[in-house]
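The file structure.pdb comes next; it holds PDB, C-alpha atoms, pLDDT in the B column.
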ATOM      1  CA  MET A   1     281.767 233.982 267.861  1.00 53.00           C
ATOM      2  CA  ASN A   2     285.509 234.588 268.225  1.00 74.00           C
ATOM      3  CA  LYS A   3     285.407 233.819 271.938  1.00 75.00           C
ATOM      4  CA  LYS A   4     283.539 230.581 271.322  1.00 76.00           C
ATOM      5  CA  ALA A   5     286.098 229.498 268.747  1.00 77.00           C
ATOM      6  CA  ALA A   6     288.980 230.392 271.060  1.00 78.00           C
ATOM      7  CA  LEU A   7     287.422 228.518 273.980  1.00 75.00           C
ATOM      8  CA  LEU A   8     286.674 225.505 271.820  1.00 77.00           C
ATOM      9  CA  GLY A   9     290.241 225.542 270.470  1.00 80.00           C
ATOM     10  CA  PHE A  10     291.643 225.829 273.969  1.00 78.00           C
ATOM     11  CA  LEU A  11     289.555 222.930 275.244  1.00 80.00           C
ATOM     12  CA  THR A  12     290.302 220.777 272.188  1.00 85.00           C
ATOM     13  CA  GLY A  13     294.010 221.471 272.570  1.00 82.00           C
ATOM     14  CA  GLY A  14     293.836 220.564 276.245  1.00 81.00           C
ATOM     15  CA  VAL A  15     292.075 217.297 275.511  1.00 82.00           C
ATOM     16  CA  LEU A  16     294.528 216.374 272.747  1.00 82.00           C
ATOM     17  CA  ALA A  17     297.515 217.239 274.928  1.00 82.00           C
ATOM     18  CA  SER A  18     296.098 215.120 277.749  1.00 78.00           C
ATOM     19  CA  VAL A  19     295.485 212.169 275.465  1.00 77.00           C
ATOM     20  CA  ALA A  20     298.956 212.459 273.904  1.00 78.00           C
ATOM     21  CA  THR A  21     300.574 212.615 277.331  1.00 76.00           C
ATOM     22  CA  LEU A  22     298.654 209.571 278.507  1.00 67.00           C
ATOM     23  CA  LEU A  23     299.484 207.598 275.367  1.00 72.00           C
ATOM     24  CA  TYR A  24     303.221 208.288 275.517  1.00 74.00           C
ATOM     25  CA  THR A  25     303.578 207.669 279.246  1.00 70.00           C
ATOM     26  CA  PRO A  26     304.606 204.110 280.108  1.00 71.00           C
ATOM     27  CA  GLN A  27     301.992 202.640 282.430  1.00 66.00           C
ATOM     28  CA  SER A  28     299.715 199.680 282.746  1.00 69.00           C
ATOM     29  CA  GLY A  29     296.280 199.515 281.132  1.00 71.00           C
ATOM     30  CA  THR A  30     294.562 199.805 284.512  1.00 80.00           C
ATOM     31  CA  GLU A  31     296.577 202.889 285.465  1.00 78.00           C
ATOM     32  CA  PHE A  32     295.834 204.409 282.084  1.00 73.00           C
ATOM     33  CA  GLN A  33     292.112 203.763 282.472  1.00 78.00           C
ATOM     34  CA  GLN A  34     292.086 205.276 285.950  1.00 84.00           C
ATOM     35  CA  LYS A  35     293.970 208.375 284.822  1.00 82.00           C
ATOM     36  CA  ALA A  36     291.861 208.708 281.688  1.00 80.00           C
ATOM     37  CA  SER A  37     288.670 208.391 283.733  1.00 86.00           C
ATOM     38  CA  LYS A  38     289.942 210.940 286.260  1.00 88.00           C
ATOM     39  CA  ASN A  39     290.957 213.374 283.520  1.00 87.00           C
ATOM     40  CA  ILE A  40     287.644 213.003 281.721  1.00 88.00           C
ATOM     41  CA  ASN A  41     285.757 213.627 284.962  1.00 90.00           C
ATOM     42  CA  GLU A  42     287.865 216.718 285.692  1.00 91.00           C
ATOM     43  CA  LEU A  43     287.314 217.946 282.145  1.00 88.00           C
ATOM     44  CA  LYS A  44     283.545 217.481 282.487  1.00 90.00           C
ATOM     45  CA  LYS A  45     283.595 219.252 285.845  1.00 91.00           C
ATOM     46  CA  ASN A  46     285.625 222.161 284.427  1.00 90.00           C
ATOM     47  CA  TRP A  47     283.324 222.355 281.406  1.00 89.00           C
ATOM     48  CA  GLN A  48     280.231 222.519 283.614  1.00 92.00           C
ATOM     49  CA  THR A  49     281.835 225.184 285.818  1.00 91.00           C
ATOM     50  CA  THR A  50     282.802 227.250 282.783  1.00 91.00           C
ATOM     51  CA  LYS A  51     279.323 226.868 281.330  1.00 91.00           C
ATOM     52  CA  ALA A  52     277.680 227.932 284.608  1.00 92.00           C
ATOM     53  CA  GLN A  53     279.974 230.949 284.939  1.00 93.00           C
ATOM     54  CA  THR A  54     279.311 231.976 281.350  1.00 92.00           C
ATOM     55  CA  ILE A  55     275.550 231.791 281.911  1.00 92.00           C
ATOM     56  CA  ALA A  56     275.913 233.818 285.117  1.00 92.00           C
ATOM     57  CA  ILE A  57     277.949 236.482 283.303  1.00 93.00           C
ATOM     58  CA  LYS A  58     275.378 236.615 280.513  1.00 92.00           C
ATOM     59  CA  GLU A  59     272.573 237.123 283.039  1.00 93.00           C
ATOM     60  CA  ASN A  60     274.568 239.807 284.889  1.00 93.00           C
ATOM     61  CA  VAL A  61     275.171 241.700 281.649  1.00 93.00           C
ATOM     62  CA  LYS A  62     271.488 241.428 280.733  1.00 92.00           C
ATOM     63  CA  THR A  63     270.438 242.694 284.169  1.00 92.00           C
ATOM     64  CA  SER A  64     272.968 245.534 284.019  1.00 92.00           C
ATOM     65  CA  ILE A  65     271.668 246.642 280.625  1.00 92.00           C
ATOM     66  CA  GLN A  66     268.073 246.589 281.859  1.00 91.00           C
ATOM     67  CA  GLU A  67     268.905 248.489 285.033  1.00 91.00           C
ATOM     68  CA  GLY A  68     271.024 250.966 283.078  1.00 90.00           C
ATOM     69  CA  SER A  69     268.104 251.642 280.770  1.00 90.00           C
ATOM     70  CA  VAL A  70     265.810 252.347 283.714  1.00 90.00           C
ATOM     71  CA  VAL A  71     268.385 254.638 285.349  1.00 91.00           C
ATOM     72  CA  ALA A  72     268.980 256.496 282.067  1.00 91.00           C
ATOM     73  CA  LYS A  73     265.244 257.137 281.712  1.00 91.00           C
ATOM     74  CA  GLN A  74     265.034 258.346 285.314  1.00 92.00           C
ATOM     75  CA  VAL A  75     267.987 260.688 284.854  1.00 91.00           C
ATOM     76  CA  SER A  76     266.486 261.996 281.621  1.00 92.00           C
ATOM     77  CA  ASN A  77     263.167 262.676 283.346  1.00 92.00           C
ATOM     78  CA  ASP A  78     264.932 264.314 286.304  1.00 92.00           C
ATOM     79  CA  ILE A  79     266.870 266.616 283.966  1.00 93.00           C
ATOM     80  CA  LYS A  80     263.693 267.485 282.061  1.00 93.00           C
ATOM     81  CA  ASP A  81     261.916 268.267 285.338  1.00 92.00           C
ATOM     82  CA  SER A  82     264.846 270.386 286.553  1.00 93.00           C
ATOM     83  CA  VAL A  83     264.918 272.395 283.337  1.00 92.00           C
ATOM     84  CA  GLN A  84     261.167 272.938 283.521  1.00 93.00           C
ATOM     85  CA  GLU A  85     261.422 273.991 287.161  1.00 92.00           C
ATOM     86  CA  TRP A  86     264.290 276.366 286.336  1.00 91.00           C
ATOM     87  CA  LYS A  87     262.268 277.851 283.480  1.00 91.00           C
ATOM     88  CA  THR A  88     259.291 278.346 285.797  1.00 90.00           C
ATOM     89  CA  ASP A  89     261.547 280.050 288.361  1.00 90.00           C
ATOM     90  CA  VAL A  90     263.205 282.305 285.773  1.00 91.00           C
ATOM     91  CA  ASP A  91     260.106 283.315 283.783  1.00 90.00           C
ATOM     92  CA  PRO A  92     258.928 286.021 286.237  1.00 91.00           C
ATOM     93  CA  THR A  93     262.398 287.579 286.224  1.00 90.00           C
ATOM     94  CA  ILE A  94     262.503 287.550 282.431  1.00 90.00           C
ATOM     95  CA  GLN A  95     259.077 289.170 282.250  1.00 91.00           C
ATOM     96  CA  LYS A  96     260.141 291.861 284.739  1.00 91.00           C
ATOM     97  CA  LEU A  97     263.297 292.553 282.723  1.00 90.00           C
ATOM     98  CA  GLU A  98     261.264 292.794 279.513  1.00 91.00           C
ATOM     99  CA  HIS A  99     258.894 295.211 281.224  1.00 93.00           C
ATOM    100  CA  ASP A 100     261.791 297.312 282.546  1.00 90.00           C
ATOM    101  CA  ILE A 101     263.410 297.372 279.097  1.00 91.00           C
ATOM    102  CA  GLU A 102     260.139 298.504 277.530  1.00 91.00           C
ATOM    103  CA  GLN A 103     259.802 301.283 280.109  1.00 91.00           C
ATOM    104  CA  LEU A 104     263.373 302.376 279.406  1.00 91.00           C
ATOM    105  CA  ARG A 105     262.666 302.391 275.671  1.00 89.00           C
ATOM    106  CA  GLN A 106     259.551 304.488 276.184  1.00 89.00           C
ATOM    107  CA  THR A 107     261.425 306.873 278.442  1.00 88.00           C
ATOM    108  CA  LEU A 108     264.169 307.280 275.856  1.00 87.00           C
ATOM    109  CA  GLU A 109     261.625 307.933 273.125  1.00 85.00           C
ATOM    110  CA  LYS A 110     259.980 310.647 275.234  1.00 84.00           C
ATOM    111  CA  THR A 111     263.268 312.340 275.952  1.00 84.00           C
ATOM    112  CA  ASN A 112     264.350 312.260 272.281  1.00 73.00           C
ATOM    113  CA  LEU A 113     261.191 313.970 271.120  1.00 61.00           C
TER
END

Please express the file's structure as structure tokens.
Amino acid sequence: MNKKAALLGFLTGGVLASVATLLYTPQSGTEFQQKASKNINELKKNWQTTKAQTIAIKENVKTSIQEGSVVAKQVSNDIKDSVQEWKTDVDPTIQKLEHDIEQLRQTLEKTNL
């Protein structure tokens, strides 16, 4: 909401400054009308451009958030799969170590008898 208020204030200030400048500049009524018409047309054109750019930015942010969500899920799944694969690879080694430790324990118990 702050950005909207700032933009509205900026545009309002610009319009008021333009009107004040036109009113205090000595010129004929026809010249004033032409300049006023030109300034109003430029203001409308700038407003439409700003509006279009704002909509485009909004859409880009929305798309980025959606794509980021998809990528985050993919990365999460990839990490989960990698951990599972690592666990599968390591399990036989762990079992062999446990077996070797048990044999060592049994051997030590026999020798301490």

Exercise: segment 32-38 of chain A partners within 12 Å, all atoms listed in the file, chain neighbours under 4 positions left out, as a list of chain:residue names: A:Val15, A:Ser18, A:Val19, A:Ala20, A:Thr21, A:Leu22, A:Leu23, A:Tyr24, A:Thr25, A:Pro26, A:Gln27, A:Ser28, A:Glu42, A:Leu43, A:Lys44, A:Lys45

Between atom CA of Glu85 of chain A and atom CA of Glu98 of chain A, distance in Å (one decimal):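 Straight-line distance from atom CA of Glu85 of chain A to atom CA of Glu98 of chain A works out to 20.3 Å.
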
One-decimal distance in Å that lies between atom CA of Ser64 of chain A and atom CA of Thr50 of chain A: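 Distance reported for this atom pair: 20.8 Å.
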
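Between atom CA of Glu59 of chain A and atom CA of Thr12 of chain A lies a distance of 26.4 Å.
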
Exercise: Trp47 of chain A partners within 10 Å, only C-alpha atoms, chain neighbours under 6 positions left out, as a PyMOL selection string: chain A and resi 11+41+53
